[in-house]
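So this block is structure_31.txt, compact mmCIF, C-alpha atoms:
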```txt
# COMPACT_ATOMS: atom_id res chain seq x y z
CA MET A 2 -96.35 135.73 11.77
CA THR A 3 -93.81 138.01 10.09
CA LEU A 4 -92.52 135.19 7.90
CA ASN A 5 -96.09 134.23 6.98
CA ILE A 6 -97.09 137.78 5.97
CA SER A 7 -93.88 138.17 3.98
CA GLY A 8 -94.61 134.93 2.18
CA GLN A 9 -98.14 136.07 1.34
CA SER A 10 -96.87 139.31 -0.19
CA LEU A 11 -94.82 137.29 -2.70
CA LEU A 12 -97.89 135.49 -4.07
CA PRO A 13 -99.15 137.33 -7.16
CA VAL A 14 -102.76 138.17 -7.96
CA LYS A 15 -103.56 136.56 -11.31
CA TYR A 16 -106.07 137.62 -13.93
CA GLY A 17 -107.51 135.53 -16.70
CA ILE A 18 -110.27 134.64 -19.12
CA LYS A 19 -112.54 131.63 -18.92
CA ILE A 20 -114.47 129.88 -21.71
CA GLY A 21 -116.71 126.87 -21.25
CA ALA A 22 -119.93 124.98 -21.81
CA ASN A 23 -123.06 124.58 -19.67
CA PHE A 24 -125.27 121.51 -19.40
CA THR A 25 -128.41 122.91 -17.79
CA ASP A 26 -131.80 121.75 -16.59
CA PHE A 27 -134.59 122.74 -14.19
CA ASN A 28 -135.72 121.58 -10.79
CA SER A 29 -139.49 121.98 -10.61
CA THR A 30 -142.33 121.88 -8.13
CA THR A 31 -145.99 121.82 -9.12
CA ASN A 32 -149.40 122.55 -7.70
CA ASP A 33 -151.46 119.78 -6.12
CA GLY A 34 -152.90 117.25 -8.54
CA ALA A 35 -150.66 118.07 -11.51
CA GLU A 36 -148.09 115.66 -12.88
CA ASN A 37 -144.58 117.12 -12.79
CA ILE A 38 -142.70 118.07 -15.94
CA LYS A 39 -140.47 115.76 -17.96
CA SER A 40 -137.42 117.80 -18.88
CA SER A 41 -134.33 117.47 -21.06
CA SER A 42 -131.06 119.33 -20.66
CA LEU A 43 -129.88 122.08 -22.96
CA PHE A 44 -126.33 122.90 -24.02
CA GLY A 45 -125.16 126.50 -23.61
CA ALA A 46 -122.02 128.62 -23.69
CA SER A 47 -120.29 130.47 -20.86
CA GLY A 48 -117.33 132.79 -20.67
CA GLY A 49 -115.90 135.83 -18.97
CA PHE A 50 -113.22 137.21 -16.69
CA TYR A 51 -111.53 135.40 -13.82
CA MET A 52 -109.18 136.27 -10.93
CA GLU A 53 -107.07 134.42 -8.37
CA ILE A 54 -106.44 136.35 -5.15
CA PRO A 55 -104.16 134.42 -2.76
CA LEU A 56 -104.73 134.55 0.99
CA ASN A 57 -101.81 132.19 1.57
CA ASP A 58 -100.28 129.26 -0.32
CA LYS A 59 -103.39 127.11 0.24
CA TRP A 60 -106.41 129.41 0.30
CA TYR A 61 -107.56 131.63 -2.58
CA ILE A 62 -110.52 133.81 -3.47
CA ASN A 63 -111.62 133.43 -7.11
CA PRO A 64 -114.10 136.13 -8.21
CA GLU A 65 -115.40 135.94 -11.76
CA ILE A 66 -117.91 137.68 -14.03
CA ILE A 67 -119.41 135.26 -16.54
CA TYR A 68 -121.92 135.36 -19.39
CA SER A 69 -123.90 132.15 -19.02
CA GLN A 70 -126.60 130.47 -21.15
CA LYS A 71 -129.07 128.25 -19.28
CA GLY A 72 -132.42 126.59 -19.88
CA ALA A 73 -134.18 123.33 -20.69
CA THR A 74 -136.93 121.74 -22.77
CA PHE A 75 -139.84 119.97 -21.12
CA ASN A 76 -143.43 118.86 -21.57
CA TYR A 77 -146.49 118.21 -19.46
CA LYS A 78 -149.99 116.83 -20.05
CA TYR A 79 -153.31 118.26 -18.99
CA THR A 80 -157.02 117.61 -19.61
CA HIS A 81 -159.28 120.35 -20.92
CA ASN A 82 -163.02 120.11 -20.27
CA TYR A 83 -165.38 121.39 -22.99
CA THR A 84 -169.12 121.91 -23.01
CA PHE A 85 -171.56 119.00 -23.23
CA ASN A 86 -169.34 116.71 -21.13
CA GLU A 87 -166.53 116.60 -23.69
CA ARG A 88 -162.86 116.57 -22.72
CA ASP A 89 -159.55 116.34 -24.52
CA LEU A 90 -156.01 115.44 -23.47
CA HIS A 91 -153.33 117.97 -24.42
CA THR A 92 -149.54 117.90 -24.34
CA SER A 93 -147.73 121.20 -23.94
CA ASN A 94 -144.14 121.29 -25.21
CA GLN A 95 -141.93 124.03 -23.77
CA GLU A 96 -138.49 125.44 -24.45
CA ILE A 97 -136.97 128.09 -22.19
CA LYS A 98 -133.56 129.64 -22.94
CA LEU A 99 -132.11 132.15 -20.48
CA ASP A 100 -129.05 134.39 -20.84
CA TYR A 101 -127.46 135.62 -17.60
CA VAL A 102 -124.57 137.73 -16.42
CA GLU A 103 -123.25 135.80 -13.44
CA LEU A 104 -121.08 136.91 -10.54
CA ASN A 105 -119.30 134.09 -8.72
CA SER A 106 -117.11 134.52 -5.65
CA ASN A 107 -115.57 131.14 -4.89
CA VAL A 108 -113.23 130.26 -2.06
CA SER A 109 -110.63 127.72 -3.18
CA TYR A 110 -108.44 125.35 -1.22
CA LYS A 111 -105.39 123.94 -3.01
CA SER A 112 -105.17 120.38 -1.74
CA THR A 113 -102.16 119.78 -4.02
CA ALA A 114 -100.09 121.87 -6.43
CA LYS A 115 -102.38 120.69 -9.26
CA LEU A 116 -105.80 120.36 -7.64
CA SER A 117 -108.07 122.82 -5.83
CA LEU A 118 -111.52 122.47 -4.27
CA ASN A 119 -113.95 125.35 -4.85
CA LEU A 120 -117.08 126.54 -3.04
CA GLY A 121 -118.97 129.82 -3.16
CA PRO A 122 -122.15 131.79 -3.88
CA SER A 123 -123.48 132.72 -7.29
CA VAL A 124 -125.62 135.76 -8.20
CA SER A 125 -127.14 135.91 -11.70
CA TYR A 126 -129.07 138.66 -13.50
CA LEU A 127 -131.29 137.80 -16.47
CA LEU A 128 -130.29 139.54 -19.70
CA ASN A 129 -132.45 137.81 -22.28
CA LEU A 130 -135.30 135.28 -22.47
CA ASN A 131 -136.44 133.05 -25.32
CA TYR A 132 -139.65 131.12 -24.59
CA ILE A 133 -141.46 128.76 -27.00
CA SER A 134 -144.72 126.95 -26.15
CA ILE A 135 -146.47 124.47 -28.47
CA ASP A 136 -149.79 122.83 -27.58
CA LYS A 137 -150.64 119.41 -29.07
CA GLY A 138 -153.69 117.17 -28.87
CA GLU A 139 -153.82 113.46 -28.17
CA HIS A 140 -154.27 112.20 -31.76
CA ASP A 141 -150.91 112.15 -33.57
CA GLY A 142 -150.11 115.61 -32.33
CA GLU A 143 -153.21 117.19 -33.87
CA LEU A 144 -155.69 119.18 -31.81
CA THR A 145 -159.14 117.61 -31.77
CA HIS A 146 -160.80 120.85 -30.63
CA GLU A 147 -160.08 124.58 -30.80
CA GLN A 148 -156.63 125.98 -30.09
CA LEU A 149 -156.28 126.78 -26.39
CA PRO A 150 -154.35 129.76 -24.98
CA SER A 151 -150.61 129.15 -24.85
CA SER A 152 -148.81 128.43 -21.62
CA ILE A 153 -147.58 131.45 -19.70
CA TYR A 154 -144.05 131.90 -18.39
CA GLU A 155 -143.57 134.64 -15.79
CA GLU A 156 -139.84 135.10 -15.33
CA GLU A 157 -137.76 136.40 -12.43
CA THR A 158 -134.70 138.54 -13.20
CA LEU A 159 -132.53 137.51 -10.24
CA ASP A 160 -131.17 134.09 -9.32
CA ILE A 161 -129.00 133.17 -6.33
CA GLY A 162 -127.27 129.81 -6.04
CA LEU A 163 -124.27 127.84 -4.85
CA ASN A 164 -121.22 126.59 -6.78
CA ILE A 165 -119.33 123.43 -5.84
CA GLY A 166 -116.44 122.28 -8.01
CA ILE A 167 -112.81 121.38 -8.62
CA SER A 168 -109.98 122.91 -10.66
CA TYR A 169 -107.03 121.12 -12.20
CA TYR A 170 -103.90 123.10 -13.12
CA LEU A 171 -102.35 121.85 -16.35
CA SER A 172 -99.69 124.51 -15.85
CA GLU A 173 -99.33 127.87 -14.08
CA THR A 174 -101.40 129.50 -16.82
CA PHE A 175 -103.90 126.83 -18.02
CA VAL A 176 -106.67 125.54 -15.71
CA ILE A 177 -109.54 123.09 -16.25
CA ASP A 178 -112.51 123.91 -14.08
CA CYS A 179 -115.65 121.83 -13.42
CA LYS A 180 -118.50 122.99 -11.20
CA VAL A 181 -122.09 122.19 -10.26
CA ASN A 182 -124.46 125.11 -9.74
CA SER A 183 -127.74 124.78 -7.84
CA GLY A 184 -130.17 127.69 -7.76
CA PHE A 185 -131.95 128.58 -4.52
CA MET A 186 -134.52 131.01 -5.95
CA SER A 187 -137.40 130.60 -8.37
CA ILE A 188 -136.39 131.72 -11.86
CA GLY A 189 -139.99 131.75 -13.07
CA GLU A 190 -143.37 130.08 -13.14
CA VAL A 191 -145.02 128.21 -16.01
CA SER A 192 -148.81 127.85 -15.97
CA GLN A 193 -151.56 126.76 -18.34
CA GLN A 194 -154.58 129.01 -18.84
CA ILE A 195 -157.79 127.14 -19.62
CA ASN A 196 -161.06 128.33 -21.15
CA THR A 197 -162.96 128.57 -17.87
CA VAL A 198 -163.16 131.38 -15.32
CA ASP A 199 -163.55 131.64 -11.56
CA GLU A 200 -166.26 133.50 -9.63
CA ALA A 201 -164.50 136.83 -10.27
CA ASN A 202 -164.46 136.10 -14.03
CA ASN A 203 -160.67 135.61 -14.06
CA PRO A 204 -159.15 132.85 -16.24
CA ILE A 205 -158.26 129.74 -14.25
CA LYS A 206 -154.68 128.47 -14.32
CA THR A 207 -153.74 124.81 -14.12
CA ASN A 208 -150.44 122.93 -14.19
CA ILE A 209 -148.48 125.58 -12.32
CA TYR A 210 -144.73 124.78 -12.28
CA ASN A 211 -142.17 126.70 -10.24
CA LEU A 212 -138.69 126.39 -11.79
CA LYS A 213 -135.14 126.57 -10.41
CA ASN A 214 -131.87 126.42 -12.33
CA LYS A 215 -129.33 123.63 -12.10
CA ALA A 216 -126.20 123.34 -14.22
CA ILE A 217 -122.92 121.54 -14.74
CA THR A 218 -120.20 123.73 -16.27
CA LEU A 219 -116.88 122.65 -17.79
CA SER A 220 -114.47 125.53 -18.42
CA PHE A 221 -110.92 126.29 -19.52
CA ALA A 222 -109.18 129.27 -17.98
CA TYR A 223 -106.02 131.09 -19.10
CA LEU A 224 -104.21 133.11 -16.43
CA PHE A 225 -101.93 136.06 -17.14
```
Is it possible to give me this structure as structure tokens?
Amino acid sequence: MTLNISGQSLLPVKYGIKIGANFTDFNSTTNDGAENIKSSSLFGASGGFYMEIPLNDKWYINPEIIYSQKGATFNYKYTHNYTFNERDLHTSNQEIKLDYVELNSNVSYKSTAKLSLNLGPSVSYLLNLNYISIDKGEHDGELTHEQLPSSIYEEETLDIGLNIGISYYLSETFVIDCKVNSGFMSIGEVSQQINTVDEANNPIKTNIYNLKNKAITLSFAYLF
């Protein structure tokens, strides 16, 4: 035990910076009867501060504070009923871009001198939101009736997820890091408001989509 503790005290705590790119998308669930969204990934930047705290020569704790851009584009279709038994098919195109400050606390196991396996929780706080909604009709993208109310996005400021990844050490100071992040919490809800009301005279919502983040991040870290 004495030799082990002495060996641990010789392992330095390292600090560094990390810069990378996110490839992000959404997992979604919808209300009964609505077709789920068709989404496409967005590219975003990430970067921040990084630490390596050794527990012994195999196990490390790697806390990091990262600025992270996430989001996706997607569309869905819905039918709007008008008076006199008329109806029209609409396509709603959406783009959601989210900027987070992200705290990760990964536990790493160095399987070799060059390779480590990483696992840990992620807590993200929403800094900025950019939401674009465009409604199109069924005839060459032109609306055949009046413009309907835009889709509504009701965001959540907190996201909690899990990171799973690997790190490859090019040298003692340069590290390539790849991770997959899966969010556990809803980051917001998209819904479509239609021109009809319920018994309490409140607008009726259709096509309700609950969204969760998912991302693949490739990063380069420099350790001091």
9 Å contact set for A:Tyr126, only C-alpha atoms, chain neighbours under 4 positions out, as a PyMOL selection string: chain A and resi 100-104+158-160
Using all atoms listed in the file, which residues sit within 10 Å of A:Ala114 once same-chain residues fewer than 2 positions away are excluded, as a list in words? Asp58, Lys59, Lys111, Ser112, Leu116, Ser117, Tyr169, Tyr170, Ser172 and Glu173 of chain A
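Proximity ranking of A:Glu96, A:Asp89, A:Glu53, A:Glu36 relative to A:Thr74 places A:Glu96 first, based on only C-alpha atoms.
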Separating atom CA of A:Ile153 from atom CA of A:Asn208, to the nearest tenth of an Å, is a gap of 10.5 Å
Write out as a PyMOL selection string each polymer residue whose atoms come within 9 Å of A:Gly17, counting only C-alpha atoms; drop sequence neighbours fewer than 3 positions from it. chain A and resi 49-53+174+222-225
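What separates atom CA of A:Lys78 from atom CA of A:Ile97 is a distance of 17.3 Å.
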Atom CA of A:His91 and atom CA of A:Thr207 are how many Å apart? 12.4 Å
Env of A:Lys206: 12 Å cut, atoms = all atoms listed in the file, seq-sep filter 5 positions within chain, self excluded. Answer as number ranges by chain. A: 32, 35, 79, 81, 150-154, 190-199
Same residues, C-alpha atoms, saved as an mmCIF file, in the frame of the given file:
```cif
data_model
loop_
_atom_site.group_PDB
_atom_site.id
_atom_site.type_symbol
_atom_site.label_atom_id
_atom_site.label_comp_id
_atom_site.auth_asym_id
_atom_site.auth_seq_id
_atom_site.Cartn_x
_atom_site.Cartn_y
_atom_site.Cartn_z
ATOM 1 C CA ASN A 32 -149.400 122.550 -7.700
ATOM 2 C CA ALA A 35 -150.660 118.070 -11.510
ATOM 3 C CA TYR A 79 -153.310 118.260 -18.990
ATOM 4 C CA HIS A 81 -159.280 120.350 -20.920
ATOM 5 C CA PRO A 150 -154.350 129.760 -24.980
ATOM 6 C CA SER A 151 -150.610 129.150 -24.850
ATOM 7 C CA SER A 152 -148.810 128.430 -21.620
ATOM 8 C CA ILE A 153 -147.580 131.450 -19.700
ATOM 9 C CA TYR A 154 -144.050 131.900 -18.390
ATOM 10 C CA GLU A 190 -143.370 130.080 -13.140
ATOM 11 C CA VAL A 191 -145.020 128.210 -16.010
ATOM 12 C CA SER A 192 -148.810 127.850 -15.970
ATOM 13 C CA GLN A 193 -151.560 126.760 -18.340
ATOM 14 C CA GLN A 194 -154.580 129.010 -18.840
ATOM 15 C CA ILE A 195 -157.790 127.140 -19.620
ATOM 16 C CA ASN A 196 -161.060 128.330 -21.150
ATOM 17 C CA THR A 197 -162.960 128.570 -17.870
ATOM 18 C CA VAL A 198 -163.160 131.380 -15.320
ATOM 19 C CA ASP A 199 -163.550 131.640 -11.560
#
```
Taking only C-alpha atoms into account, name the residue in A:Asn164, A:Asn76, A:Thr92, A:Ser40 that is nearest to A:Pro64. A:Asn164
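In this comparison, which uses all atoms listed in the file, the residue of A:Asn37, A:Asn182, A:Asn211, A:Ser42 approaching A:Asn105 most closely is A:Asn182.
Checking A:Leu127, A:Ile133, A:Ala46, A:Ile167 one by one against A:Ala216, counting only C-alpha atoms, you find the shortest gap at A:Ala46.
Ranking A:Leu130, A:Asp178, A:Gly184, A:Tyr68 by their shortest atom-to-atom distance to A:Glu155, with all atoms listed in the file included, puts A:Leu130 first.
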